[in-house]
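Coordinates from start_20.txt are shown below (compact mmCIF, C-alpha atoms).
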# COMPACT_ATOMS: atom_id res chain seq x y z
CA MET A 1 95.06 84.87 86.99
CA LYS A 2 94.93 83.32 90.42
CA LYS A 3 94.79 85.81 93.29
CA VAL A 4 97.79 85.95 95.64
CA THR A 5 96.72 85.09 99.19
CA GLY A 6 98.27 85.87 102.56
CA LYS A 7 99.39 82.26 102.69
CA ASP A 8 101.22 82.65 99.37
CA PHE A 9 102.95 85.77 100.68
CA VAL A 10 104.17 84.05 103.85
CA LEU A 11 105.47 81.12 101.80
CA GLY A 12 107.29 83.60 99.56
CA VAL A 13 108.92 85.21 102.61
CA GLN A 14 110.07 81.76 103.69
CA HIS A 15 111.74 81.13 100.33
CA MET A 16 113.41 84.54 100.49
CA PHE A 17 114.93 83.73 103.87
CA ALA A 18 116.05 80.32 102.62
CA MET A 19 118.09 81.85 99.78
CA PHE A 20 119.30 84.92 101.64
CA GLY A 21 122.26 83.53 103.58
CA ALA A 22 124.02 81.93 100.61
CA THR A 23 123.06 84.72 98.19
CA VAL A 24 124.62 87.52 100.24
CA LEU A 25 127.66 85.39 101.08
CA VAL A 26 128.95 85.57 97.49
CA PRO A 27 129.20 89.39 97.41
CA LEU A 28 130.84 89.31 100.83
CA LEU A 29 133.50 86.94 99.46
CA THR A 30 134.03 88.80 96.19
CA GLY A 31 133.54 92.46 97.08
CA LEU A 32 130.36 92.82 95.02
CA ASP A 33 127.50 94.90 96.40
CA VAL A 34 124.91 93.11 98.55
CA SER A 35 122.01 95.30 97.45
CA THR A 36 122.87 94.80 93.78
CA THR A 37 123.05 91.06 94.42
CA LEU A 38 119.56 91.03 95.94
CA LEU A 39 118.11 93.07 93.08
CA MET A 40 119.63 90.80 90.43
CA ALA A 41 118.57 87.66 92.26
CA GLY A 42 115.00 88.92 92.18
CA LEU A 43 115.03 90.18 88.60
CA GLY A 44 116.99 87.13 87.41
CA THR A 45 114.44 84.79 88.96
CA LEU A 46 111.57 86.67 87.31
CA LEU A 47 113.36 86.58 83.94
CA PHE A 48 113.92 82.84 84.34
CA HIS A 49 110.21 82.30 85.07
CA LEU A 50 109.27 84.40 82.05
CA ILE A 51 111.47 82.35 79.73
CA THR A 52 110.36 79.00 81.17
CA GLY A 53 106.67 79.89 81.01
CA GLY A 54 106.34 80.11 84.78
CA LYS A 55 106.43 76.31 85.05
CA VAL A 56 109.60 75.73 87.08
CA PRO A 57 109.53 76.62 90.82
CA ALA A 58 113.19 77.68 90.86
CA PHE A 59 114.84 80.61 92.61
CA LEU A 60 118.05 82.01 91.11
CA GLY A 61 120.59 83.17 93.67
CA SER A 62 124.32 83.88 93.67
CA SER A 63 126.50 81.15 92.14
CA PHE A 64 129.52 79.89 94.09
CA ALA A 65 130.96 78.28 90.95
CA PHE A 66 132.49 81.59 89.83
CA LEU A 67 134.29 82.43 93.10
CA GLY A 68 137.59 81.19 91.64
CA GLY A 69 137.13 83.44 88.63
CA TYR A 70 136.52 86.50 90.78
CA ALA A 71 139.54 85.61 92.94
CA ALA A 72 141.70 85.34 89.81
CA VAL A 73 140.58 88.54 88.10
CA ALA A 74 139.56 90.81 91.00
CA PRO A 75 141.06 89.52 94.27
CA LEU A 76 140.12 91.39 97.44
CA ILE A 77 142.65 93.98 98.59
CA ASP A 78 143.21 93.61 102.34
CA GLY A 79 139.65 92.33 102.59
CA ALA A 80 138.24 95.29 100.64
CA PRO A 81 136.58 95.21 97.20
CA ASN A 82 138.88 95.48 94.17
CA ALA A 83 137.00 98.40 92.66
CA GLU A 84 139.28 98.62 89.61
CA MET A 85 139.03 94.98 88.49
CA LEU A 86 135.49 94.02 89.53
CA PRO A 87 133.97 95.42 86.28
CA TYR A 88 136.36 93.21 84.30
CA ALA A 89 135.39 90.14 86.31
CA SER A 90 131.76 91.02 85.69
CA LEU A 91 132.45 91.22 81.95
CA GLY A 92 133.84 87.69 82.08
CA VAL A 93 130.66 86.51 83.80
CA VAL A 94 128.53 88.25 81.13
CA PHE A 95 130.24 86.16 78.44
CA ALA A 96 129.96 83.04 80.60
CA GLY A 97 126.21 83.60 80.70
CA LEU A 98 126.16 83.95 76.91
CA LEU A 99 127.82 80.52 76.63
CA TYR A 100 124.65 79.11 78.21
CA LEU A 101 122.78 80.36 75.16
CA VAL A 102 125.01 78.34 72.83
CA VAL A 103 124.41 75.14 74.80
CA ALA A 104 120.69 75.91 75.03
CA LEU A 105 120.61 76.16 71.23
CA LEU A 106 122.22 72.71 70.96
CA PHE A 107 119.53 71.26 73.21
CA LYS A 108 116.90 72.94 71.04
CA LEU A 109 118.34 71.68 67.75
CA PHE A 110 118.84 68.08 68.84
CA ASP A 111 116.15 65.74 70.21
CA VAL A 112 116.21 65.91 74.01
CA LYS A 113 116.25 62.09 74.07
CA ASN A 114 119.57 62.10 72.24
CA VAL A 115 120.98 64.46 74.84
CA MET A 116 119.35 63.07 77.97
CA LYS A 117 120.58 59.53 77.34
CA TYR A 118 123.80 60.87 78.84
CA PHE A 119 121.95 61.89 82.01
CA PRO A 120 120.10 58.78 83.28
CA PRO A 121 119.09 58.46 86.97
CA VAL A 122 122.27 56.52 87.74
CA VAL A 123 124.13 59.74 86.87
CA THR A 124 121.72 62.45 88.04
CA GLY A 125 120.78 60.69 91.30
CA PRO A 126 124.32 60.61 92.72
CA ILE A 127 124.92 64.16 91.43
CA ILE A 128 121.90 65.36 93.41
CA ILE A 129 123.09 63.45 96.48
CA ALA A 130 126.53 65.03 96.06
CA ILE A 131 125.03 68.54 95.90
CA GLY A 132 123.61 68.13 99.40
CA LEU A 133 126.72 66.43 100.79
CA ILE A 134 129.04 69.10 99.39
CA LEU A 135 126.94 71.81 101.04
CA ALA A 136 126.84 69.92 104.37
CA PRO A 137 130.20 71.13 105.77
CA SER A 138 129.11 74.77 105.45
CA ALA A 139 125.98 73.95 107.47
CA ILE A 140 128.06 72.32 110.22
CA SER A 141 130.53 75.20 110.18
CA ASN A 142 127.68 77.67 110.67
CA CYS A 143 126.16 75.55 113.42
CA GLN A 144 129.45 75.54 115.33
CA THR A 145 129.14 79.25 116.04
CA ASN A 146 126.40 78.36 118.53
CA TRP A 147 125.16 74.79 118.57
CA LEU A 148 122.29 75.50 120.97
CA ILE A 149 120.79 78.15 118.68
CA ALA A 150 121.34 75.91 115.65
CA VAL A 151 119.65 72.93 117.32
CA ILE A 152 116.69 75.12 118.32
CA ALA A 153 116.28 76.26 114.70
CA PHE A 154 116.61 72.69 113.41
CA GLY A 155 114.35 71.21 116.09
CA THR A 156 111.64 73.83 115.51
CA ILE A 157 111.56 72.94 111.81
CA VAL A 158 111.26 69.23 112.58
CA VAL A 159 108.51 69.69 115.17
CA CYS A 160 106.49 72.06 112.96
CA ASN A 161 106.80 69.82 109.90
CA ILE A 162 105.97 66.55 111.69
CA PHE A 163 103.41 67.65 114.26
CA GLY A 164 102.18 70.97 112.85
CA LYS A 165 98.78 71.49 111.28
CA GLY A 166 97.69 73.87 108.53
CA MET A 167 100.02 76.83 107.95
CA ILE A 168 102.40 75.72 110.69
CA LYS A 169 103.22 72.60 108.71
CA ILE A 170 104.08 74.45 105.51
CA ILE A 171 106.11 77.36 106.95
CA PRO A 172 108.42 75.46 109.33
CA ILE A 173 111.54 77.30 108.16
CA LEU A 174 110.07 80.74 108.78
CA ILE A 175 108.88 79.63 112.22
CA GLY A 176 112.32 78.15 112.89
CA ILE A 177 113.93 81.50 112.09
CA ILE A 178 111.50 83.45 114.30
CA VAL A 179 111.83 81.09 117.29
CA SER A 180 115.63 80.94 117.11
CA LEU A 181 115.82 84.73 116.71
CA ILE A 182 113.71 85.20 119.86
CA VAL A 183 116.03 82.84 121.74
CA SER A 184 119.04 84.74 120.35
CA VAL A 185 117.65 88.04 121.66
CA ILE A 186 117.11 86.44 125.09
CA PHE A 187 120.71 85.24 125.06
CA GLU A 188 121.93 88.76 124.22
CA LEU A 189 119.89 90.21 127.07
CA CYS A 190 121.50 87.66 129.39
CA GLY A 191 124.97 88.78 128.32
CA ILE A 192 125.69 85.93 125.87
CA GLU A 193 126.87 87.34 122.54
CA VAL A 194 125.02 85.82 119.58
CA PHE A 195 124.72 88.70 117.12
CA ASP A 196 127.78 90.01 115.26
CA PRO A 197 128.63 93.47 116.76
CA GLN A 198 129.79 94.72 113.35
CA LYS A 199 126.47 93.73 111.77
CA ILE A 200 124.63 95.55 114.55
CA GLN A 201 126.66 98.67 113.76
CA ASN A 202 126.00 98.21 110.05
CA LEU A 203 122.28 98.11 110.81
CA LYS A 204 122.49 101.37 112.75
CA ASP A 205 124.45 103.09 109.97
CA ALA A 206 122.41 101.79 107.02
CA ALA A 207 120.05 104.17 105.22
CA TRP A 208 116.39 103.31 104.81
CA ILE A 209 116.36 103.90 101.05
CA GLY A 210 119.16 103.68 98.53
CA PHE A 211 119.73 102.86 94.86
CA PRO A 212 121.13 99.30 94.65
CA ILE A 213 123.38 99.73 91.58
CA ASN A 214 126.79 101.40 91.66
CA MET A 215 127.63 102.25 88.03
CA SER A 216 131.37 102.30 88.77
CA ARG A 217 131.15 98.57 89.53
CA THR A 218 129.26 97.65 86.35
CA VAL A 219 130.57 96.41 83.01
CA PHE A 220 130.04 99.93 81.66
CA ALA A 221 133.15 100.96 83.64
CA VAL A 222 135.41 98.68 81.55
CA THR A 223 137.98 100.68 79.55
CA ASP A 224 141.03 98.44 79.07
CA ILE A 225 140.55 96.02 76.13
CA SER A 226 143.52 93.83 77.11
CA LYS A 227 142.26 93.34 80.65
CA ALA A 228 138.78 92.70 79.29
CA ILE A 229 139.92 89.90 76.95
CA THR A 230 142.03 88.30 79.66
CA SER A 231 139.11 88.36 82.09
CA VAL A 232 136.71 86.81 79.58
CA ILE A 233 139.17 84.01 78.78
CA ALA A 234 139.72 83.37 82.50
CA ILE A 235 136.08 83.28 83.59
CA MET A 236 134.09 82.11 80.58
CA PRO A 237 135.11 78.39 80.84
CA ILE A 238 133.64 78.23 84.34
CA ALA A 239 130.22 78.26 82.67
CA ILE A 240 130.79 74.62 81.67
CA ALA A 241 130.98 73.60 85.32
CA ALA A 242 128.04 75.84 86.21
CA MET A 243 125.89 74.28 83.47
CA MET A 244 126.61 70.80 84.81
CA GLU A 245 125.38 71.98 88.20
CA HIS A 246 122.35 73.53 86.51
CA ILE A 247 121.38 70.16 85.01
CA GLY A 248 121.79 68.57 88.44
CA ASP A 249 119.59 71.23 90.04
CA ILE A 250 116.86 70.89 87.42
CA SER A 251 116.99 67.11 87.91
CA ALA A 252 116.59 67.63 91.66
CA LEU A 253 113.66 69.99 91.08
CA SER A 254 112.02 67.51 88.72
CA SER A 255 112.38 64.70 91.25
CA THR A 256 111.07 66.90 94.06
CA VAL A 257 108.02 68.19 92.22
CA GLY A 258 107.33 65.03 90.21
CA LYS A 259 107.34 66.79 86.84
CA ASN A 260 109.81 66.47 83.99
CA PHE A 261 111.18 69.99 83.65
CA ILE A 262 113.99 68.66 81.47
CA ALA A 263 111.38 67.86 78.80
CA ASN A 264 108.83 70.58 79.60
CA PRO A 265 109.63 73.45 79.40
CA GLY A 266 112.94 71.83 78.37
CA LEU A 267 116.59 72.21 79.26
CA HIS A 268 117.01 74.64 76.38
CA ARG A 269 114.62 77.03 78.13
CA THR A 270 116.00 76.56 81.66
CA LEU A 271 119.56 77.03 80.41
CA LEU A 272 118.48 80.08 78.40
CA GLY A 273 116.79 81.57 81.47
CA ASP A 274 119.77 80.86 83.73
CA GLY A 275 122.25 82.20 81.19
CA LEU A 276 120.39 85.43 80.47
CA ALA A 277 119.83 86.00 84.20
CA THR A 278 123.56 85.54 84.79
CA SER A 279 124.55 87.95 81.99
CA MET A 280 122.00 90.54 83.12
CA SER A 281 123.21 90.35 86.71
CA ALA A 282 126.88 90.67 85.80
CA LEU A 283 126.17 93.51 83.37
CA PHE A 284 125.03 95.65 86.32
CA GLY A 285 127.66 94.49 88.80
CA GLY A 286 125.93 91.49 90.34
CA PRO A 287 127.24 87.92 90.64
CA ALA A 288 126.44 85.01 88.36
CA ASN A 289 123.03 83.50 89.06
CA THR A 290 122.16 79.84 89.47
CA THR A 291 119.19 77.70 90.44
CA TYR A 292 119.27 77.35 94.21
CA GLY A 293 119.43 74.05 96.08
CA GLU A 294 118.30 75.77 99.29
CA ASN A 295 114.93 76.54 97.76
CA THR A 296 114.65 73.02 96.36
CA GLY A 297 115.05 71.87 99.94
CA VAL A 298 112.17 74.15 100.98
CA LEU A 299 109.98 72.63 98.25
CA ALA A 300 110.83 69.11 99.40
CA LEU A 301 110.03 69.99 102.99
CA THR A 302 106.79 71.94 102.50
CA LYS A 303 105.36 70.04 99.48
CA VAL A 304 104.18 73.40 98.10
CA TYR A 305 105.38 73.57 94.50
CA ASP A 306 103.51 76.62 93.16
CA PRO A 307 105.97 78.73 91.08
CA ARG A 308 104.01 81.86 92.09
CA VAL A 309 105.40 81.49 95.59
CA ILE A 310 108.94 81.64 94.20
CA ARG A 311 108.04 84.73 92.20
CA ILE A 312 106.76 86.40 95.37
CA ALA A 313 110.17 85.75 96.94
CA ALA A 314 111.79 87.28 93.86
CA TYR A 315 109.66 90.43 94.08
CA LEU A 316 110.48 90.73 97.79
CA ALA A 317 114.22 90.39 97.13
CA ALA A 318 114.05 93.08 94.44
CA VAL A 319 112.07 95.47 96.66
CA LEU A 320 114.34 94.91 99.66
CA SER A 321 117.38 95.71 97.53
CA PHE A 322 116.28 99.37 97.61
CA SER A 323 116.49 99.41 101.43
CA PRO A 324 120.00 99.00 102.83
CA LYS A 325 118.43 99.09 106.31
CA VAL A 326 116.27 96.05 105.66
CA ALA A 327 119.13 94.20 103.97
CA ALA A 328 121.33 94.93 107.00
CA PHE A 329 118.59 93.68 109.34
CA ILE A 330 118.26 90.39 107.48
CA SER A 331 122.05 90.07 107.42
CA LEU A 332 121.91 90.33 111.20
CA ILE A 333 120.40 86.82 111.45
CA PRO A 334 122.97 84.84 113.48
CA THR A 335 125.16 82.41 111.56
CA ALA A 336 124.00 79.61 113.85
CA VAL A 337 120.38 80.12 112.77
CA ILE A 338 121.40 79.83 109.12
CA GLY A 339 123.36 76.72 110.06
CA GLY A 340 120.42 75.02 111.74
CA ILE A 341 118.18 75.71 108.76
CA SER A 342 120.84 74.62 106.26
CA LEU A 343 121.33 71.39 108.16
CA MET A 344 117.78 70.45 107.24
CA LEU A 345 117.68 71.85 103.72
CA TYR A 346 120.96 70.34 102.53
CA GLY A 347 119.95 66.97 103.90
CA MET A 348 116.67 67.21 102.01
CA ILE A 349 118.58 67.68 98.75
CA SER A 350 120.57 64.48 99.27
CA ALA A 351 117.37 62.69 100.25
CA VAL A 352 115.80 63.77 96.95
CA GLY A 353 118.76 62.26 95.10
CA THR A 354 118.31 58.98 96.96
CA ARG A 355 114.62 59.00 96.10
CA ASN A 356 115.59 59.62 92.48
CA LEU A 357 117.54 56.35 92.45
CA VAL A 358 114.81 54.40 94.24
CA GLU A 359 111.83 55.63 92.20
CA ASN A 360 113.63 54.96 88.93
CA ARG A 361 114.60 51.51 90.20
CA VAL A 362 118.28 51.89 89.49
CA ASP A 363 119.71 48.39 89.86
CA LEU A 364 122.73 48.73 92.13
CA SER A 365 123.38 45.00 91.93
CA LYS A 366 124.87 45.76 88.50
CA SER A 367 128.57 46.55 88.60
CA ARG A 368 128.30 49.32 85.96
CA ASN A 369 125.73 51.24 88.02
CA VAL A 370 127.75 50.86 91.22
CA ILE A 371 130.90 52.06 89.44
CA ILE A 372 129.13 55.14 88.04
CA ALA A 373 127.50 56.09 91.36
CA ALA A 374 130.68 55.45 93.34
CA THR A 375 132.80 57.50 90.94
CA ILE A 376 130.44 60.47 91.09
CA LEU A 377 130.15 60.49 94.89
CA VAL A 378 133.84 59.98 95.64
CA THR A 379 135.14 62.46 93.07
CA ALA A 380 132.53 65.09 93.94
CA LEU A 381 133.39 65.05 97.63
CA GLY A 382 137.07 64.27 97.16
CA PHE A 383 137.90 67.01 94.67
CA ASN A 384 135.67 69.45 96.56
CA SER A 385 137.75 68.83 99.70
CA ILE A 386 140.92 69.97 97.89
CA GLY A 387 139.31 72.91 96.14
CA GLY A 388 138.56 71.25 92.80
CA ILE A 389 140.89 71.04 89.81
CA LYS A 390 142.86 74.18 89.07
CA PHE A 391 144.52 75.11 85.80
CA ALA A 392 145.74 78.31 84.19
CA VAL A 393 144.24 80.09 81.19
CA ALA A 394 145.84 83.31 79.97
CA GLY A 395 147.69 83.59 83.27
CA ALA A 396 144.52 83.33 85.36
CA GLU A 397 143.68 80.34 87.51
CA ILE A 398 140.50 78.45 86.61
CA THR A 399 138.83 76.07 89.04
CA LEU A 400 136.54 73.18 88.13
CA THR A 401 134.46 72.35 91.18
CA GLY A 402 134.33 68.82 92.56
CA LEU A 403 130.72 68.54 91.42
CA ALA A 404 131.62 69.52 87.87
CA VAL A 405 134.47 66.99 87.75
CA ALA A 406 132.20 64.28 89.11
CA ALA A 407 129.43 65.07 86.64
CA VAL A 408 131.80 64.93 83.66
CA LEU A 409 133.31 61.63 84.81
CA GLY A 410 129.88 60.14 85.49
CA ILE A 411 128.60 61.11 82.04
CA ILE A 412 131.70 59.74 80.30
CA ILE A 413 131.70 56.44 82.19
CA ASN A 414 127.96 55.94 81.62
CA ALA A 415 128.39 56.65 77.90
CA PHE A 416 131.12 54.05 77.39
CA LEU A 417 130.21 51.25 79.79
CA PRO A 418 127.94 48.57 78.25
CA GLY A 419 124.68 47.40 79.79
CA LYS A 420 122.55 50.55 79.74
CA ASP A 421 119.10 49.71 81.09
CA TYR A 422 117.34 53.08 81.15
CA GLU A 423 115.17 54.73 78.52
CA PHE A 424 114.27 58.41 78.63
CA LYS A 425 110.50 58.83 78.23
CA THR A 426 108.52 61.92 77.36
CA GLU A 427 104.97 60.61 76.87
CA GLU A 428 102.25 62.90 78.03
CA ASP A 429 99.75 61.70 80.60
CA GLY A 430 96.73 63.35 82.17
CA ASN A 431 98.88 65.35 84.57
CA GLY A 432 101.61 66.40 82.17
CA VAL A 433 104.78 64.57 81.32
CA ASN A 434 104.99 60.96 82.41
CA PHE A 435 108.61 60.84 83.48
CA LYS A 436 110.78 60.68 86.57
CA VAL A 437 114.20 62.29 86.24
This entry written out as C-alpha cells:
Amino acid sequence: MKKVTGKDFVLGVQHMFAMFGATVLVPLLTGLDVSTTLLMAGLGTLLFHLITGGKVPAFLGSSFAFLGGYAAVAPLIDGAPNAEMLPYASLGVVFAGLLYLVVALLFKLFDVKNVMKYFPPVVTGPIIIAIGLILAPSAISNCQTNWLIAVIAFGTIVVCNIFGKGMIKIIPILIGIIVSLIVSVIFELCGIEVFDPQKIQNLKDAAWIGFPINMSRTVFAVTDISKAITSVIAIMPIAIAAMMEHIGDISALSSTVGKNFIANPGLHRTLLGDGLATSMSALFGGPANTTYGENTGVLALTKVYDPRVIRIAAYLAAVLSFSPKVAAFISLIPTAVIGGISLMLYGMISAVGTRNLVENRVDLSKSRNVIIAATILVTALGFNSIGGIKFAVAGAEITLTGLAVAAVLGIIINAFLPGKDYEFKTEEDGNGVNFKV
C-alpha cells in the first residue's frame, strides 16, 4: 500500500473544502443536521470507493435532486426543522437508494454495450455541459454578496494554476480560500462586514466534541405506517432523475481522468455504491448522496486523479463531523469566497463536456447531432429556470429537475433518430480501457 504523504493530505483538504459549501447547504435547506451530513458524506464516499474497487476518484456529497421530496414530505416550519416528518422523508430516500440497486442489477445482467448505446458522446457531452451551466447561477449569486472577495478568490486560483510551480500549482483552490479569507479578515478589521454575524455566534456557541447523529431524526423514529408509505411513494421516483445525473457525473469523471469508468469498474458498481451510500445516509438522518461535480472540477483543474486523495477528504469529513466547533468554523467561510471558487469549478465542468464532444469527434454538421445537443441544452437550462417539471403522486409533489428532463429527451431522440455514427468500445490497452466517454 502506497504511503500517504503530506502532499496527499493537503490535496485531500482541498477536496474537502470544494465539497463543503454545497454539502452543508442541503441540510440548511431541509432541516437535516449538518454534522450528520458531513459524517454520511465521508462514510458514503468510503463505501462507494470500497464497492468500486477504489478506482473512481469521486466524492459523494449531498444531493440537491431530492430537495423537492423533502419539501413535500417534511417542509420547514417557520424556517425550523420539521422534526416530526424528517424521519419519514428519510425513509423515502432509503427506498430511493434501493432503487439504484435494481438499475445496477440491470446493468450487470445486460451487456454494457447494449445499455451504453443510449449514452453516446452526443448525449453525455451536452449533459455534462448542462451540469456546469445549471450550477453557474448559484456561483454568481454567491459572488454578488461581495464581488471583490469573490474576484480575489477566483484570481488567486487562476494565478496559482497558470503561473504556480510545484505544490502551488496543484492546490490553487486551497490557496484561493486562504488568501480570500485573509482579505476578508482585513475587511472586517476595517469595519466592512464580510462574515455572517449569526455564523460567528454559532462558532462561539458550538461545542468542541459532539456525537453527529440524532436518533430522533433517523428512520428508526418512524412509527406511522400510512405516513411512511406516502413518503416512500412521494420520494422514491426522484431516484430516476438522480440516476440520470449520476450517469452524467460518471461520464464527466471519465472524460476528466481519461479512463472509462462506465466500463471499469462499470456503471453497475458505481450505481450500487451511490445507491447504498444514499440509503445508509438516509437511514441515519442524512441527505441523499451523489457524485459531486465540484470535486470533478478540482480534478480537472489540478490534474491529480489519485482516488486516495478523495478518500483522505472523506476521512476528514467524517472526523470533522464529531466537532461542531470545526464544522461551524468551516461554515464561517464567506459566501463570496465559495462563489469565487464555484465560478471556476462549475466552468471547468462545462469545459469537460465540451472536450468530450471534441475528443470523440462528434460531427455537429449533422442535423441529428445538432438537434440532440440543442434539445439537451435548451431543456436542461429552460426547465431548470422554472423549477423543473412538477407532478403529484399520492398527494405529494414530485419534481423532475431540468437536467433529468433533458437527459431523458436526449436519450429518446438519439434512440429514434437515424444516422447513428458512434460505437461504444471497451478494448483493453496497455493503460486500461481504450475508450473516451
Set the distance at 7 Å and use only C-alpha atoms: which residues neighbour region 329-342 of chain A once local chain neighbours fewer than 5 positions away are removed? I'd like the list as a PDB file with C-alpha atoms, in the coordinates of the input.
ATOM      1  CA  GLY A  21     122.260  83.530 103.580  1.00  0.00           C
ATOM      2  CA  ALA A 139     125.980  73.950 107.470  1.00  0.00           C
ATOM      3  CA  ILE A 140     128.060  72.320 110.220  1.00  0.00           C
ATOM      4  CA  ASN A 142     127.680  77.670 110.670  1.00  0.00           C
ATOM      5  CA  CYS A 143     126.160  75.550 113.420  1.00  0.00           C
ATOM      6  CA  GLN A 144     129.450  75.540 115.330  1.00  0.00           C
ATOM      7  CA  THR A 145     129.140  79.250 116.040  1.00  0.00           C
ATOM      8  CA  ASN A 146     126.400  78.360 118.530  1.00  0.00           C
ATOM      9  CA  TRP A 147     125.160  74.790 118.570  1.00  0.00           C
ATOM     10  CA  ILE A 149     120.790  78.150 118.680  1.00  0.00           C
ATOM     11  CA  ALA A 150     121.340  75.910 115.650  1.00  0.00           C
ATOM     12  CA  VAL A 151     119.650  72.930 117.320  1.00  0.00           C
ATOM     13  CA  ALA A 153     116.280  76.260 114.700  1.00  0.00           C
ATOM     14  CA  PHE A 154     116.610  72.690 113.410  1.00  0.00           C
ATOM     15  CA  ILE A 173     111.540  77.300 108.160  1.00  0.00           C
ATOM     16  CA  ILE A 177     113.930  81.500 112.090  1.00  0.00           C
ATOM     17  CA  SER A 180     115.630  80.940 117.110  1.00  0.00           C
ATOM     18  CA  VAL A 194     125.020  85.820 119.580  1.00  0.00           C
ATOM     19  CA  PHE A 195     124.720  88.700 117.120  1.00  0.00           C
ATOM     20  CA  LYS A 199     126.470  93.730 111.770  1.00  0.00           C
ATOM     21  CA  ILE A 200     124.630  95.550 114.550  1.00  0.00           C
ATOM     22  CA  LEU A 203     122.280  98.110 110.810  1.00  0.00           C
TER      23      LEU A 203
END
* Please indicate the distance in Å from CA of Glu245 (chain A) to CA of Leu43 (chain A), rounded to one decimal place. =>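 Result for CA of Glu245 (chain A) versus CA of Leu43 (chain A): 20.9 Å, one decimal.
Reported to one decimal place, the separation of CA of Asn384 (chain A) from CA of Val298 (chain A) is 24.4 Å.
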* To do: Extract, using only C-alpha atoms, all DNA, RNA and protein residues at most 10 Å from region 96-100 of chain A, discarding same-chain residues fewer than 5 positions from it, and format them as a PyMOL selection string.
  => chain A and resi 66+90-91+105-106+232-240+242-243+268+270-282+288-289
Limited to C-alpha atoms, could you put the picked residues into a file as a compact mmCIF listing (two decimals), in the coordinates of the input?
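Saved file part-v4.txt follows:
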# COMPACT_ATOMS: atom_id res chain seq x y z
CA PHE A 66 132.49 81.59 89.83
CA SER A 90 131.76 91.02 85.69
CA LEU A 91 132.45 91.22 81.95
CA LEU A 105 120.61 76.16 71.23
CA LEU A 106 122.22 72.71 70.96
CA VAL A 232 136.71 86.81 79.58
CA ILE A 233 139.17 84.01 78.78
CA ALA A 234 139.72 83.37 82.50
CA ILE A 235 136.08 83.28 83.59
CA MET A 236 134.09 82.11 80.58
CA PRO A 237 135.11 78.39 80.84
CA ILE A 238 133.64 78.23 84.34
CA ALA A 239 130.22 78.26 82.67
CA ILE A 240 130.79 74.62 81.67
CA ALA A 242 128.04 75.84 86.21
CA MET A 243 125.89 74.28 83.47
CA HIS A 268 117.01 74.64 76.38
CA THR A 270 116.00 76.56 81.66
CA LEU A 271 119.56 77.03 80.41
CA LEU A 272 118.48 80.08 78.40
CA GLY A 273 116.79 81.57 81.47
CA ASP A 274 119.77 80.86 83.73
CA GLY A 275 122.25 82.20 81.19
CA LEU A 276 120.39 85.43 80.47
CA ALA A 277 119.83 86.00 84.20
CA THR A 278 123.56 85.54 84.79
CA SER A 279 124.55 87.95 81.99
CA MET A 280 122.00 90.54 83.12
CA SER A 281 123.21 90.35 86.71
CA ALA A 282 126.88 90.67 85.80
CA ALA A 288 126.44 85.01 88.36
CA ASN A 289 123.03 83.50 89.06
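Checking A:Leu320, A:Leu283, A:Met16, A:Ala136 one by one against Phe59 (chain A), counting all atoms listed in the file, you find the shortest gap at A:Met16.
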* Test item: residues at most 10 Å from Tyr292 (chain A), only C-alpha atoms, excluding those fewer than 3 positions along its chain, as a ChimeraX atom specification -> /A:18-19,22-23,58-63,246,249-250,253,289,295-297
* Asked: How many Å separate CA of Leu86 (chain A) from CA of Tyr70 (chain A)?
  -> 7.7 Å
Which region 73-115 of chain A residues have any atom within 12 Å of an atom of region 210-227 of chain A, and for each, what is the nearest pair of atoms with distance in Å to one decimal, counting all atoms listed in the file, rows sorted by chain and number, as a Markdown table?
| residue | atom | partner | partner_atom | distance |
| --- | --- | --- | --- | --- |
| A:Val73 | CA | A:Lys227 | CA | 9.0 |
| A:Ala74 | CA | A:Lys227 | CA | 11.0 |
| A:Pro81 | CA | A:Arg217 | CA | 10.0 |
| A:Asn82 | CA | A:Arg217 | CA | 9.5 |
| A:Ala83 | CA | A:Arg217 | CA | 6.6 |
| A:Glu84 | CA | A:Arg217 | CA | 8.1 |
| A:Met85 | CA | A:Lys227 | CA | 8.6 |
| A:Leu86 | CA | A:Arg217 | CA | 6.3 |
| A:Pro87 | CA | A:Val219 | CA | 4.8 |
| A:Tyr88 | CA | A:Val222 | CA | 6.2 |
| A:Ala89 | CA | A:Val219 | CA | 8.6 |
| A:Ser90 | CA | A:Val219 | CA | 6.1 |
| A:Leu91 | CA | A:Val219 | CA | 5.6 |
| A:Gly92 | CA | A:Val219 | CA | 9.4 |
| A:Val93 | CA | A:Val219 | CA | 9.9 |
| A:Val94 | CA | A:Val219 | CA | 8.6 |
| A:Phe95 | CA | A:Val219 | CA | 11.2 |
* **Nearest candidate to Gln14 (chain A) (options A:Thr302, A:Ser254, A:Ser141, A:Gln198; using all atoms listed in the file)** => A:Thr302
* Asked: Lys325 (chain A): which residues within 8 Å, counting only C-alpha atoms, same-chain residues fewer than 4 positions away excluded, as an NGL selection string?
  -> :A and (203-204 or 206-209 or 329)
* Which residue out of A:Val13, A:Val123, A:Met40, A:Ile412 has the minimum interatomic distance to Asn360 (chain A) when all atoms listed in the file are used? ->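 Answer, going by the shortest atom-to-atom distance: A:Val123.
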* For Lys108 (chain A), please output as a list of chain:residue names all residues within 10 Å (counting all atoms listed in the file; exclusion window: fewer than 3 positions along the same chain). =>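 Answer for this query is A:Val102, A:Val103, A:Ala104, A:Leu105, A:Asp111, A:Val112, A:Gly266, A:Leu267, A:His268, A:Arg269.
Comparing the minimum interatomic distances between Leu174 (chain A) and each of A:Val122, A:Leu38, A:Leu11, A:Ala72, counting all atoms listed in the file, we find that A:Leu11 sits nearest.
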* Structure fact -> Counting all atoms listed in the file, closest pick from A:Pro418, A:Gly44, A:Pro126, A:Pro75 relative to Ser367 (chain A) is A:Pro418
Kindly list the centre and edge lengths in Å, rounded to one decimal, for the axis-aligned box that covers all listed atoms of region 375-381 of chain A plus 8 Å on each of its six sides, as lines of an AutoDock Vina configuration file.
center_x = 132.6
center_y = 61.3
center_z = 94.3
size_x = 21.0
size_y = 23.6
size_z = 22.7
